[in-house]
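Here is the file entry-v8.txt (compact mmCIF, C-alpha atoms and all ligand atoms).
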```txt
# COMPACT_ATOMS: atom_id res chain seq x y z
CA MET A 12 54.39 2.62 -27.98
CA THR A 13 55.95 5.98 -27.22
CA LYS A 14 54.79 8.57 -24.70
CA HIS A 15 55.91 12.08 -23.97
CA THR A 16 55.87 13.65 -20.53
CA ASP A 17 57.08 16.98 -19.25
CA THR A 18 58.90 15.60 -16.20
CA LEU A 19 60.19 12.13 -15.52
CA VAL A 20 60.90 11.26 -11.90
CA ILE A 21 63.23 8.34 -11.15
CA GLY A 22 62.56 6.95 -7.66
CA ALA A 23 59.30 7.06 -5.69
CA GLY A 24 60.78 7.49 -2.22
CA PRO A 25 59.82 10.64 -0.28
CA ALA A 26 61.98 12.89 -2.51
CA GLY A 27 60.66 11.67 -5.86
CA ILE A 28 57.04 11.29 -4.83
CA SER A 29 56.87 14.73 -3.19
CA ALA A 30 58.14 16.21 -6.46
CA ALA A 31 55.55 14.20 -8.41
CA ILE A 32 52.67 15.14 -6.06
CA THR A 33 53.57 18.84 -6.36
CA LEU A 34 53.76 18.62 -10.18
CA GLN A 35 50.53 16.68 -10.35
CA LYS A 36 48.74 19.30 -8.27
CA ALA A 37 50.03 22.01 -10.61
CA GLY A 38 48.84 20.10 -13.69
CA ILE A 39 52.35 19.51 -15.09
CA PRO A 40 52.44 16.14 -16.91
CA ASN A 41 54.80 13.77 -15.12
CA ILE A 42 55.61 10.08 -14.78
CA VAL A 43 57.35 8.27 -11.94
CA ILE A 44 59.33 5.04 -12.25
CA ASP A 45 60.64 2.93 -9.38
CA LYS A 46 62.56 -0.33 -9.36
CA SER A 47 60.42 -1.60 -6.45
CA SER A 48 56.72 -2.14 -6.10
CA PHE A 49 54.90 -0.54 -3.18
CA PRO A 50 54.56 -1.17 -0.29
CA ARG A 51 58.29 -1.88 -0.10
CA GLU A 52 60.77 -2.06 2.77
CA LYS A 53 63.18 0.80 3.44
CA VAL A 54 65.80 0.68 6.17
CA CYS A 55 65.18 3.81 8.26
CA GLY A 56 64.70 4.82 11.90
CA GLY A 57 61.57 6.68 10.81
CA LEU A 58 62.12 9.78 12.98
CA VAL A 59 59.93 12.66 11.82
CA THR A 60 60.87 15.96 13.43
CA ASN A 61 58.61 18.97 13.51
CA LYS A 62 60.26 20.49 10.43
CA THR A 63 59.62 17.26 8.48
CA LEU A 64 56.02 17.26 9.67
CA LYS A 65 55.63 20.86 8.43
CA ALA A 66 57.08 19.92 5.03
CA LEU A 67 54.66 16.98 4.85
CA MET A 68 51.71 19.20 5.77
CA ARG A 69 52.74 21.69 3.06
CA LEU A 70 52.98 18.89 0.52
CA LEU A 71 49.55 17.49 1.32
CA ASN A 72 47.83 20.84 2.06
CA VAL A 73 47.00 19.68 5.56
CA ARG A 74 46.57 22.31 8.29
CA ASP A 75 45.92 20.05 11.26
CA PRO A 76 48.58 17.38 11.94
CA ARG A 77 45.91 15.19 13.53
CA ARG A 78 44.68 14.50 10.00
CA LEU A 79 47.95 12.67 9.40
CA LYS A 80 47.65 10.62 12.60
CA GLU A 81 47.35 7.31 10.80
CA THR A 82 50.61 7.93 8.97
CA PHE A 83 52.55 7.80 12.23
CA ALA A 84 53.44 4.66 14.11
CA ASP A 85 54.45 6.45 17.30
CA HIS A 86 55.44 9.68 19.02
CA SER A 87 57.58 10.72 21.95
CA ASP A 88 57.95 13.77 24.18
CA THR A 89 61.00 12.64 26.14
CA VAL A 90 64.60 12.53 24.97
CA GLU A 91 67.36 10.75 26.86
CA ILE A 92 71.05 11.06 26.10
CA TYR A 93 73.55 8.43 27.17
CA ASP A 94 77.29 7.97 27.33
CA LYS A 95 77.53 4.22 26.65
CA ASN A 96 75.05 2.94 29.27
CA LYS A 97 75.20 5.91 31.65
CA ARG A 98 72.27 8.28 31.31
CA LEU A 99 73.43 11.90 31.02
CA THR A 100 70.12 13.72 30.54
CA CYS A 101 66.36 13.11 30.44
CA SER A 102 64.41 15.98 28.87
CA LYS A 103 60.80 16.74 27.99
CA VAL A 104 60.47 18.39 24.60
CA SER A 105 57.56 20.57 23.57
CA LYS A 106 57.88 19.69 19.86
CA TYR A 107 56.83 16.04 19.77
CA LEU A 108 59.05 13.64 17.88
CA ARG A 109 57.03 11.40 15.59
CA PHE A 110 57.95 8.07 14.04
CA VAL A 111 56.88 6.35 10.86
CA LYS A 112 57.28 2.85 9.51
CA ARG A 113 58.76 3.52 6.11
CA ASN A 114 56.94 0.74 4.28
CA ARG A 115 53.62 2.32 5.34
CA PHE A 116 54.72 5.94 5.05
CA ASP A 117 56.14 5.65 1.54
CA PHE A 118 53.13 3.62 0.40
CA PHE A 119 50.83 6.29 1.84
CA LEU A 120 52.59 8.94 -0.25
CA VAL A 121 52.44 6.80 -3.39
CA LYS A 122 48.69 6.36 -2.81
CA GLN A 123 48.31 10.14 -2.41
CA TYR A 124 50.03 10.60 -5.77
CA LYS A 125 47.86 7.96 -7.44
CA SER A 126 44.72 9.50 -5.97
CA LEU A 127 45.66 12.73 -7.79
CA GLY A 128 45.74 10.76 -11.06
CA GLY A 129 49.53 10.32 -11.10
CA THR A 130 51.21 7.65 -13.24
CA ILE A 131 53.77 5.39 -11.64
CA TYR A 132 55.58 2.45 -13.20
CA GLU A 133 56.57 0.15 -10.34
CA ASN A 134 58.87 -2.84 -10.36
CA GLU A 135 60.85 -1.27 -13.23
CA LYS A 136 64.11 -3.10 -12.75
CA ASN A 137 65.39 -3.35 -16.29
CA TYR A 138 64.50 -0.08 -17.97
CA GLN A 139 67.15 1.51 -20.16
CA ALA A 140 67.91 5.18 -20.17
CA ASP A 141 69.46 7.26 -22.90
CA PHE A 142 69.95 10.62 -21.24
CA SER A 143 71.35 12.27 -24.38
CA LYS A 144 68.06 11.52 -26.19
CA GLN A 145 65.96 12.24 -23.06
CA GLU A 146 64.31 8.86 -23.27
CA ILE A 147 63.66 5.84 -21.09
CA ARG A 148 62.82 2.44 -22.53
CA LEU A 149 60.66 0.56 -20.04
CA THR A 150 60.89 -3.18 -19.45
CA ASP A 151 57.82 -3.77 -21.65
CA GLY A 152 59.54 -1.94 -24.54
CA ASN A 153 57.48 1.25 -24.29
CA ILE A 154 59.50 4.46 -24.58
CA ILE A 155 58.99 7.62 -22.54
CA TYR A 156 60.42 10.92 -23.77
CA TYR A 157 60.81 13.68 -21.22
CA ASP A 158 61.76 17.36 -21.09
CA HIS A 159 62.88 17.48 -17.45
CA LEU A 160 64.38 14.81 -15.26
CA ILE A 161 64.24 14.56 -11.47
CA VAL A 162 66.64 11.94 -10.14
CA ALA A 163 65.57 10.68 -6.71
CA ASP A 164 66.84 7.11 -6.66
CA GLY A 165 68.41 7.19 -3.22
CA ALA A 166 71.88 7.33 -1.71
CA LEU A 167 73.58 4.97 -4.15
CA SER A 168 72.01 6.80 -7.12
CA VAL A 169 72.76 4.58 -10.10
CA THR A 170 71.23 7.31 -12.26
CA GLY A 171 73.55 9.99 -10.83
CA ALA A 172 76.51 7.74 -11.70
CA ALA A 173 75.13 7.13 -15.22
CA LEU A 174 74.91 10.90 -15.64
CA GLY A 175 78.63 11.09 -14.90
CA LEU A 176 78.58 12.35 -11.31
CA PRO A 177 81.35 11.08 -9.05
CA GLY A 178 80.24 8.76 -6.20
CA GLN A 179 79.22 10.33 -2.90
CA GLU A 180 80.95 10.11 0.45
CA PHE A 181 78.87 7.82 2.67
CA SER A 182 77.87 7.14 6.21
CA PHE A 183 76.52 3.72 7.11
CA CYS A 184 73.52 2.99 9.35
CA ILE A 185 72.31 -0.35 10.63
CA GLU A 186 69.25 -1.23 12.67
CA ALA A 187 67.02 -3.92 14.17
CA TYR A 188 63.54 -4.00 15.67
CA ALA A 189 62.57 -5.59 18.98
CA PRO A 190 59.27 -5.82 20.86
CA LYS A 191 58.69 -2.84 23.17
CA THR A 192 58.17 -5.20 26.07
CA GLN A 193 61.91 -5.94 26.06
CA ILE A 194 62.92 -2.34 26.83
CA LYS A 195 62.36 -0.09 29.85
CA ASN A 196 60.90 3.37 29.19
CA HIS A 197 60.28 2.35 25.59
CA ASP A 198 58.32 5.49 24.73
CA ARG A 199 61.40 7.66 25.09
CA THR A 200 63.72 8.71 22.29
CA LYS A 201 67.20 7.59 23.30
CA VAL A 202 70.51 8.70 21.83
CA TYR A 203 73.76 6.98 22.79
CA PHE A 204 77.27 8.34 22.34
CA GLY A 205 80.38 6.22 22.85
CA ILE A 206 78.92 3.18 21.04
CA ILE A 207 80.39 3.94 17.61
CA ASP A 208 83.09 6.37 16.46
CA ASN A 209 82.01 9.34 14.34
CA GLY A 210 78.33 8.70 14.96
CA TYR A 211 75.76 7.61 17.50
CA ALA A 212 73.33 4.85 18.40
CA TRP A 213 69.60 5.20 18.97
CA VAL A 214 66.50 3.57 20.38
CA PHE A 215 63.30 4.96 18.85
CA PRO A 216 59.72 4.00 19.70
CA SER A 217 58.00 2.45 16.70
CA GLY A 218 54.48 1.20 17.36
CA LYS A 219 54.60 -2.12 19.17
CA GLU A 220 58.36 -2.23 18.65
CA VAL A 221 61.46 -0.17 19.20
CA CYS A 222 63.94 0.57 16.45
CA ILE A 223 67.49 0.06 17.69
CA GLY A 224 70.28 1.26 15.45
CA LEU A 225 73.61 2.92 15.02
CA GLY A 226 75.44 4.75 12.30
CA GLY A 227 78.31 7.00 11.50
CA GLU A 228 80.84 7.92 8.84
CA TYR A 229 81.52 4.83 6.79
CA ASP A 230 84.72 3.00 7.70
CA LYS A 231 85.22 -0.31 5.92
CA SER A 232 87.38 -1.64 8.77
CA VAL A 233 84.40 -1.44 11.18
CA SER A 234 82.06 -4.41 11.61
CA TYR A 235 78.74 -2.62 11.99
CA ILE A 236 76.93 -5.90 12.65
CA LYS A 237 79.24 -6.69 15.56
CA LYS A 238 78.78 -3.19 16.97
CA LEU A 239 75.00 -3.43 16.73
CA LYS A 240 74.97 -6.89 18.30
CA ALA A 241 77.09 -5.60 21.21
CA PHE A 242 74.69 -2.66 21.60
CA LEU A 243 71.67 -5.00 21.59
CA GLU A 244 73.37 -7.09 24.28
CA GLN A 245 73.98 -3.94 26.33
CA LEU A 246 70.21 -3.36 26.13
CA LYS A 247 69.65 -7.00 27.18
CA ILE A 248 68.13 -7.94 23.83
CA ASP A 249 69.16 -11.21 22.23
CA PRO A 250 70.74 -10.19 18.88
CA GLU A 251 69.88 -13.58 17.39
CA SER A 252 66.17 -12.81 17.80
CA CYS A 253 66.41 -9.68 15.60
CA ARG A 254 66.55 -9.16 11.87
CA ILE A 255 69.43 -6.75 11.21
CA ARG A 256 69.54 -4.51 8.14
CA GLY A 257 71.81 -1.67 7.11
CA ALA A 258 72.16 0.86 4.32
CA PHE A 259 74.35 3.69 3.15
CA VAL A 260 73.28 7.27 3.67
CA PRO A 261 74.96 10.39 2.29
CA SER A 262 77.59 11.72 4.67
CA GLY A 263 76.55 15.34 4.26
CA LYS A 264 78.84 16.37 1.43
CA VAL A 265 76.24 17.68 -1.00
CA ASN A 266 76.67 16.48 -4.61
CA ASP A 267 77.96 19.14 -7.00
CA GLN A 268 75.25 19.29 -9.67
CA SER A 269 76.95 21.93 -11.81
CA SER A 270 77.99 19.46 -14.53
CA LEU A 271 74.40 18.24 -15.07
CA PRO A 272 72.36 19.53 -18.02
CA GLU A 273 69.97 22.41 -17.21
CA ASN A 274 66.93 20.09 -17.41
CA VAL A 275 68.22 17.53 -14.86
CA ILE A 276 68.43 17.73 -11.07
CA LEU A 277 69.09 15.37 -8.15
CA ALA A 278 66.81 15.37 -5.09
CA GLY A 279 66.88 13.69 -1.67
CA ASP A 280 69.63 11.21 -0.84
CA ALA A 281 70.67 11.11 -4.51
CA GLY A 282 71.70 14.75 -4.17
CA GLY A 283 73.47 14.14 -0.87
CA PHE A 284 70.85 16.13 1.05
CA ILE A 285 70.94 14.94 4.64
CA ASP A 286 71.68 16.32 8.07
CA PRO A 287 75.37 15.37 8.44
CA ILE A 288 75.25 15.01 12.22
CA TYR A 289 71.86 13.37 12.90
CA GLY A 290 71.61 11.50 9.56
CA GLU A 291 68.06 12.87 9.22
CA GLY A 292 67.11 12.70 5.55
CA LEU A 293 63.30 12.76 5.39
CA TYR A 294 63.12 16.51 5.87
CA PHE A 295 65.55 17.13 3.01
CA ALA A 296 63.92 14.49 0.83
CA LEU A 297 60.53 16.22 1.09
CA SER A 298 61.97 19.75 0.86
CA SER A 299 64.17 19.02 -2.14
CA GLY A 300 61.37 17.12 -3.91
CA ILE A 301 58.99 20.05 -3.42
CA ALA A 302 61.71 22.53 -4.49
CA ALA A 303 62.41 20.48 -7.63
CA ALA A 304 58.76 20.58 -8.67
CA LYS A 305 58.40 24.28 -7.87
CA SER A 306 61.50 25.05 -9.94
CA ARG A 307 59.98 23.26 -12.91
CA ILE A 308 56.64 25.05 -12.39
CA SER A 309 58.17 28.53 -12.17
CA SER A 310 61.26 28.24 -14.40
CA PRO A 311 61.04 25.44 -16.97
CA LYS A 312 63.90 26.91 -19.03
CA SER A 313 66.32 27.36 -16.14
CA PHE A 314 65.15 24.41 -14.09
CA LYS A 315 68.45 23.37 -12.45
CA ASN A 316 69.57 26.94 -11.86
CA LYS A 317 66.33 27.80 -10.08
CA TYR A 318 66.44 24.57 -8.08
CA LEU A 319 69.98 25.16 -6.86
CA LYS A 320 68.98 28.69 -5.87
CA MET A 321 65.98 27.35 -3.94
CA MET A 322 68.19 24.77 -2.24
CA ALA A 323 71.00 27.24 -1.45
CA GLY A 324 69.91 27.71 2.19
CA HIS A 325 69.73 23.96 2.74
CA ILE A 326 73.10 23.43 1.06
CA LYS A 327 74.67 26.05 3.32
CA MET A 328 73.11 24.48 6.40
CA ILE A 329 74.35 21.01 5.41
CA SER A 330 77.88 22.28 4.64
CA HIS A 331 78.13 23.94 8.05
CA GLY A 332 76.84 20.77 9.71
CA TYR A 333 79.39 18.73 7.80
CA ARG A 334 82.26 20.90 9.04
CA LEU A 335 80.91 20.81 12.58
CA LYS A 336 80.61 17.02 12.45
CA LYS A 337 84.35 16.74 11.72
CA ILE A 338 85.03 18.59 14.98
CA PHE A 339 82.16 17.27 17.14
CA PHE A 340 83.05 13.60 16.73
CA LYS A 341 86.75 14.05 17.52
CA LYS A 342 87.51 11.83 20.54
CA ARG A 343 88.71 14.69 22.78
CA ILE A 344 85.72 16.91 21.93
CA GLN A 345 83.33 14.00 22.57
CA GLU A 346 84.86 13.50 26.04
CA ILE A 347 84.46 17.20 26.90
CA PHE A 348 80.93 17.26 25.46
CA LYS A 349 79.78 14.23 27.48
CA LYS A 350 81.38 15.53 30.68
CA ARG A 351 79.68 18.91 30.33
CA LEU A 352 76.29 17.62 29.19
CA GLY A 353 75.54 15.57 32.32
CA GLY A 354 72.40 16.90 34.08
CA LYS A 355 71.75 19.67 31.49
CA ASP A 356 68.20 18.46 30.89
CA SER A 357 66.74 21.90 30.20
CA PHE A 358 69.48 22.71 27.67
CA VAL A 359 68.76 19.49 25.78
CA SER A 360 65.03 20.39 25.68
CA PHE A 361 65.87 23.83 24.32
CA TYR A 362 68.32 22.38 21.80
CA CYS A 363 65.88 19.72 20.56
CA ASP A 364 62.99 22.18 20.19
CA ASN A 365 64.99 24.94 18.56
CA GLN A 366 67.64 23.14 16.57
CA VAL A 367 66.91 19.47 15.87
CA SER A 368 63.15 19.85 15.45
CA THR A 369 62.96 23.19 13.70
CA TYR A 370 66.42 24.43 12.57
CA ARG A 371 65.38 27.73 14.16
CA TYR A 372 69.12 28.03 14.79
CA SER A 373 71.37 26.88 11.97
CA TYR A 374 74.67 25.11 12.60
CA SER A 375 76.49 28.40 12.19
CA ALA A 376 74.30 29.97 14.89
CA LEU A 377 74.88 27.52 17.72
CA PHE A 378 76.67 30.14 19.77
CA SER A 379 73.57 32.40 19.56
CA LEU A 380 71.46 29.38 20.54
CA TYR A 381 73.55 28.94 23.68
CA ILE A 382 73.38 32.66 24.56
CA ASP A 383 69.60 32.68 24.04
CA TYR A 384 69.24 29.58 26.16
CA LYS A 385 71.25 31.23 28.94
CA LYS A 386 69.09 34.35 28.73
CA ARG A 387 65.91 32.28 29.02
CA VAL A 388 67.25 30.40 32.00
CA PHE A 389 68.35 33.65 33.60
CA ILE A 390 65.00 35.40 32.97
CA ARG A 391 63.11 32.49 34.54
C1 LIG B 1 69.36 2.89 9.06
C2 LIG B 1 68.85 4.25 8.61
C3 LIG B 1 68.13 5.02 9.50
C4 LIG B 1 67.62 6.27 9.10
N1 LIG B 1 66.85 6.96 9.98
C5 LIG B 1 66.30 8.13 9.60
C6 LIG B 1 65.40 8.79 10.47
O1 LIG B 1 65.09 8.33 11.57
N2 LIG B 1 64.85 9.98 10.06
C7 LIG B 1 65.17 10.52 8.84
O2 LIG B 1 64.68 11.62 8.54
N3 LIG B 1 66.01 9.89 7.98
C8 LIG B 1 66.55 8.70 8.32
N4 LIG B 1 67.36 8.01 7.44
C9 LIG B 1 67.61 8.61 6.11
C10 LIG B 1 66.37 8.44 5.20
O3 LIG B 1 65.99 7.08 5.18
C11 LIG B 1 66.70 8.92 3.78
O4 LIG B 1 67.33 10.16 3.86
C12 LIG B 1 65.44 9.03 2.92
O5 LIG B 1 64.85 7.76 2.71
C13 LIG B 1 65.77 9.66 1.57
O6 LIG B 1 64.65 9.63 0.72
P1 LIG B 1 64.84 9.53 -0.86
O7 LIG B 1 63.49 9.60 -1.45
O8 LIG B 1 65.88 10.47 -1.30
O9 LIG B 1 65.48 8.08 -1.12
P2 LIG B 1 64.87 6.65 -0.80
O10 LIG B 1 63.95 6.70 0.33
O11 LIG B 1 66.05 5.74 -0.74
O12 LIG B 1 64.02 6.29 -2.10
C14 LIG B 1 64.65 6.02 -3.33
C15 LIG B 1 63.67 5.27 -4.22
O13 LIG B 1 64.29 5.06 -5.47
C16 LIG B 1 64.08 3.72 -5.90
N5 LIG B 1 65.23 3.39 -6.75
C17 LIG B 1 66.50 3.14 -6.39
N6 LIG B 1 67.27 2.92 -7.47
C18 LIG B 1 66.45 3.04 -8.53
C19 LIG B 1 66.65 2.97 -9.92
N7 LIG B 1 67.84 2.70 -10.45
N8 LIG B 1 65.58 3.16 -10.73
C20 LIG B 1 64.36 3.43 -10.22
N9 LIG B 1 64.11 3.53 -8.91
C21 LIG B 1 65.15 3.35 -8.08
C22 LIG B 1 64.00 2.91 -4.62
O14 LIG B 1 63.25 1.72 -4.81
C23 LIG B 1 63.29 3.89 -3.69
O15 LIG B 1 61.90 3.72 -3.72
C24 LIG B 1 67.88 6.76 7.80
C25 LIG B 1 68.62 6.00 6.89
C26 LIG B 1 69.08 4.74 7.28
C27 LIG B 1 69.85 3.92 6.29
```
Go ahead and express the file in the form of structure tokens.
Amino acid sequence: MTKHTDTLVIGAGPAGISAAITLQKAGIPNIVIDKSSFPREKVCGGLVTNKTLKALMRLLNVRDPRRLKETFADHSDTVEIYDKNKRLTCSKVSKYLRFVKRNRFDFFLVKQYKSLGGTIYENEKNYQADFSKQEIRLTDGNIIYYDHLIVADGALSVTGAALGLPGQEFSFCIEAYAPKTQIKNHDRTKVYFGIIDNGYAWVFPSGKEVCIGLGGEYDKSVSYIKKLKAFLEQLKIDPESCRIRGAFVPSGKVNDQSSLPENVILAGDAGGFIDPIYGEGLYFALSSGIAAAKSRISSPKSFKNKYLKMMAGHIKMISHGYRLKKIFFKKRIQEIFKKRLGGKDSFVSFYCDNQVSTYRYSYSALFSLYIDYKKRVFIR
């Protein structure tokens, strides 16, 4: 049997499914395929900042975040920053940090798509694609022809490689979960410097558990498992009692999509869209997925061109963050940063609310952020 659809979406993670939901709402025929069946596991700290929440609310036409309460496993209004095991700051933030369990969150989004009448082929492990003919042969032999293709198959993007794109530069993140009862002040969001080079470690509240992880620019000479086990021991958690899992994430060097045909785009991790410093990808997954769908809705003939224009602000932000990361994680800069940060609780609150949570200040505007913070402190 053959089928024709306007847009084929490969990958039903947050990037692909947000594109599909947006297309479905606009009445554009679309089909999603994913190699997994949902609910499925996804290694992720699950941090949802305010900007991600806003993107989610836009996607689902929700005005009151309380309507999404069940989607979240936890929230936190306190951020602590550490140098190894020495606490440098403890700050209240006014923009709550929320946390999801990805198996539940991604399944929730897939259900939203299905409830709109969307078509998803799950567990599609052996489909065959012929991109020159714009066709996909599913495992059961059925063929789908498409006009537009949204590739959202994650950081390792097999599809991106098949389309001829060079591999991305990666970071690597690894994490474990432990019962909350094993950690003091478990409702706080904790960030640790000095645990891993070119990155950071974290402890995030996650329902009845905490998510403990670390990540940074990928270096094949580093044993990430050893580093995480040492970090767990520092927290007085027996590493042998935890299941440890890791995954690659884009490093923040956005994929150059210029060689792709005009009817094909990459979204989410597949496109390299991630915050280079925090490794936060959910915001970019949702934003790029929505942008992909809107580009198809408004400009079917110049789909990729429109998409890259819509993503230009994000791409600029990520590129600046990538350059800053190269400086920020230099050993000498880290030492100065940690020395100066001690006790600056109100600055960390301001930074979290106005940069991490909202991107009100971009990476190229951090000097203005500091000046504005000083003014506020002075005025008070
Ligand atoms: C340890 C760790 C911690 C993280 N913590 C955070 C965090 O706290 N907050 C945050 O915002 N981000 C975090 N991230 C990043 C975040 O997980 C990703 O940026 C986000 O999942 C990207 O969404 P996506 O839809 O692009 O890709 P994915 O979520 O990876 O989804 C890709 C989908 O494509 C499917 N797929 C893969 N290959 C194929 C194929 N060949 N054919 C069909 N389907 C395929 C997969 O089954 C999957 O469903 C973390 C990442 C890691 C590894």
Original post:
Which neighbours of A:Asp364 fall inside 12 Å, counting only C-alpha atoms, when residues of the same chain fewer than 3 positions from it are skipped, and could you give them as a PyMOL selection string?
Top reply: chain A and resi 60-62+88-90+102-108+357-361+367-372+380+384
**OP:** Could you please extract the residues within 7 Å of ligand LIG 1 (chain B), counting only C-alpha atoms and all ligand atoms, and hand them back as an MDAnalysis selection string?
**Re:** chainID A and resid 21:27 44:47 53:59 135:136 163:166 168:170 183:186 224 257:260 278:281 285 290:294 296
Can you spit out the residues from that selection as a PDB file, keeping the file's coordinate frame, using C-alpha atoms?
```
ATOM      1  CA  ILE A  21      63.230   8.340 -11.150  1.00  0.00           C
ATOM      2  CA  GLY A  22      62.560   6.950  -7.660  1.00  0.00           C
ATOM      3  CA  ALA A  23      59.300   7.060  -5.690  1.00  0.00           C
ATOM      4  CA  GLY A  24      60.780   7.490  -2.220  1.00  0.00           C
ATOM      5  CA  PRO A  25      59.820  10.640  -0.280  1.00  0.00           C
ATOM      6  CA  ALA A  26      61.980  12.890  -2.510  1.00  0.00           C
ATOM      7  CA  GLY A  27      60.660  11.670  -5.860  1.00  0.00           C
ATOM      8  CA  ILE A  44      59.330   5.040 -12.250  1.00  0.00           C
ATOM      9  CA  ASP A  45      60.640   2.930  -9.380  1.00  0.00           C
ATOM     10  CA  LYS A  46      62.560  -0.330  -9.360  1.00  0.00           C
ATOM     11  CA  SER A  47      60.420  -1.600  -6.450  1.00  0.00           C
ATOM     12  CA  LYS A  53      63.180   0.800   3.440  1.00  0.00           C
ATOM     13  CA  VAL A  54      65.800   0.680   6.170  1.00  0.00           C
ATOM     14  CA  CYS A  55      65.180   3.810   8.260  1.00  0.00           C
ATOM     15  CA  GLY A  56      64.700   4.820  11.900  1.00  0.00           C
ATOM     16  CA  GLY A  57      61.570   6.680  10.810  1.00  0.00           C
ATOM     17  CA  LEU A  58      62.120   9.780  12.980  1.00  0.00           C
ATOM     18  CA  VAL A  59      59.930  12.660  11.820  1.00  0.00           C
ATOM     19  CA  GLU A 135      60.850  -1.270 -13.230  1.00  0.00           C
ATOM     20  CA  LYS A 136      64.110  -3.100 -12.750  1.00  0.00           C
ATOM     21  CA  ALA A 163      65.570  10.680  -6.710  1.00  0.00           C
ATOM     22  CA  ASP A 164      66.840   7.110  -6.660  1.00  0.00           C
ATOM     23  CA  GLY A 165      68.410   7.190  -3.220  1.00  0.00           C
ATOM     24  CA  ALA A 166      71.880   7.330  -1.710  1.00  0.00           C
ATOM     25  CA  SER A 168      72.010   6.800  -7.120  1.00  0.00           C
ATOM     26  CA  VAL A 169      72.760   4.580 -10.100  1.00  0.00           C
ATOM     27  CA  THR A 170      71.230   7.310 -12.260  1.00  0.00           C
ATOM     28  CA  PHE A 183      76.520   3.720   7.110  1.00  0.00           C
ATOM     29  CA  CYS A 184      73.520   2.990   9.350  1.00  0.00           C
ATOM     30  CA  ILE A 185      72.310  -0.350  10.630  1.00  0.00           C
ATOM     31  CA  GLU A 186      69.250  -1.230  12.670  1.00  0.00           C
ATOM     32  CA  GLY A 224      70.280   1.260  15.450  1.00  0.00           C
ATOM     33  CA  GLY A 257      71.810  -1.670   7.110  1.00  0.00           C
ATOM     34  CA  ALA A 258      72.160   0.860   4.320  1.00  0.00           C
ATOM     35  CA  PHE A 259      74.350   3.690   3.150  1.00  0.00           C
ATOM     36  CA  VAL A 260      73.280   7.270   3.670  1.00  0.00           C
ATOM     37  CA  ALA A 278      66.810  15.370  -5.090  1.00  0.00           C
ATOM     38  CA  GLY A 279      66.880  13.690  -1.670  1.00  0.00           C
ATOM     39  CA  ASP A 280      69.630  11.210  -0.840  1.00  0.00           C
ATOM     40  CA  ALA A 281      70.670  11.110  -4.510  1.00  0.00           C
ATOM     41  CA  ILE A 285      70.940  14.940   4.640  1.00  0.00           C
ATOM     42  CA  GLY A 290      71.610  11.500   9.560  1.00  0.00           C
ATOM     43  CA  GLU A 291      68.060  12.870   9.220  1.00  0.00           C
ATOM     44  CA  GLY A 292      67.110  12.700   5.550  1.00  0.00           C
ATOM     45  CA  LEU A 293      63.300  12.760   5.390  1.00  0.00           C
ATOM     46  CA  TYR A 294      63.120  16.510   5.870  1.00  0.00           C
ATOM     47  CA  ALA A 296      63.920  14.490   0.830  1.00  0.00           C
TER      48      ALA A 296
END
```
**OP:** Return the single residue from A:Ile42, A:Ala189, A:Leu79, A:Ile276 that is closest to A:Leu149, with distances computed using all atoms listed in the file.
**Re:**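 Going through A:Ile42, A:Ala189, A:Leu79, A:Ile276 one by one, the smallest distance to A:Leu149 is for A:Ile42.
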**OP:** Pick out the residues sitting within 9 Å of A:Leu176, and hand them over as a ChimeraX atom specification; count all atoms listed in the file, and ignore anything fewer than 3 positions along from it in its own chain.
**Re:** /A:170-173,179,266-268,270-271
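Picture a line from atom CA of A:Ser309 to atom CA of A:Met68; it runs 21.2 Å.
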**OP:** May I have the residues at most 12 Å from (53.8, 16.8, 6.3) in the file's coordinates, counting all atoms listed in the file, as an MDAnalysis selection string?
**Re:** chainID A and resid 25 29 59:80 82:83 109 111 116 119:120 293:294 296:298 301
Subject >> Near-stretch 201-203 of chain A list (7 Å; all atoms listed in the file; drop same-chain fewer than 2 positions) as an MDAnalysis selection string >> reply: chainID A and resid 90:95 199 205:206 211:215
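Candidate residues A:Asn274, A:Gln35, A:Ser269, A:Asn96 were compared for distance to A:Ser126, and the nearest is A:Gln35, using all atoms listed in the file.
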Original post:
Got a sec: who's within 6 Å of A:Phe181, counting all atoms listed in the file, leaving out chain neighbours fewer than 2 positions off, as number ranges by chain?
Top reply: A: 229, 260-262
Original post:
So which one's closest to A:Thr130, A:Cys222, A:Ile32, A:Ala37, A:Phe314? Using all atoms listed in the file, please.
Top reply: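 Residue with the minimum atom-to-atom distance to A:Thr130: A:Ile32.
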As an mmCIF file, in the coordinates of the input, could you write out stretch 153-157 of chain A once it has been completed with N, CA and C atoms?
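Final file, rebuild.cif:
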```
data_model
loop_
_atom_site.group_PDB
_atom_site.id
_atom_site.type_symbol
_atom_site.label_atom_id
_atom_site.label_comp_id
_atom_site.auth_asym_id
_atom_site.auth_seq_id
_atom_site.Cartn_x
_atom_site.Cartn_y
_atom_site.Cartn_z
ATOM 1 N N ASN A 153 58.016 -0.093 -24.050
ATOM 2 C CA ASN A 153 57.480 1.250 -24.290
ATOM 3 C C ASN A 153 58.540 2.315 -23.998
ATOM 4 N N ILE A 154 58.483 3.404 -24.760
ATOM 5 C CA ILE A 154 59.500 4.460 -24.580
ATOM 6 C C ILE A 154 58.832 5.731 -24.056
ATOM 7 N N ILE A 155 59.480 6.331 -23.058
ATOM 8 C CA ILE A 155 58.990 7.620 -22.540
ATOM 9 C C ILE A 155 60.024 8.683 -22.876
ATOM 10 N N TYR A 156 59.553 9.748 -23.545
ATOM 11 C CA TYR A 156 60.420 10.920 -23.770
ATOM 12 C C TYR A 156 60.071 11.959 -22.721
ATOM 13 N N TYR A 157 61.081 12.666 -22.258
ATOM 14 C CA TYR A 157 60.810 13.680 -21.220
ATOM 15 C C TYR A 157 61.550 14.975 -21.549
#
```
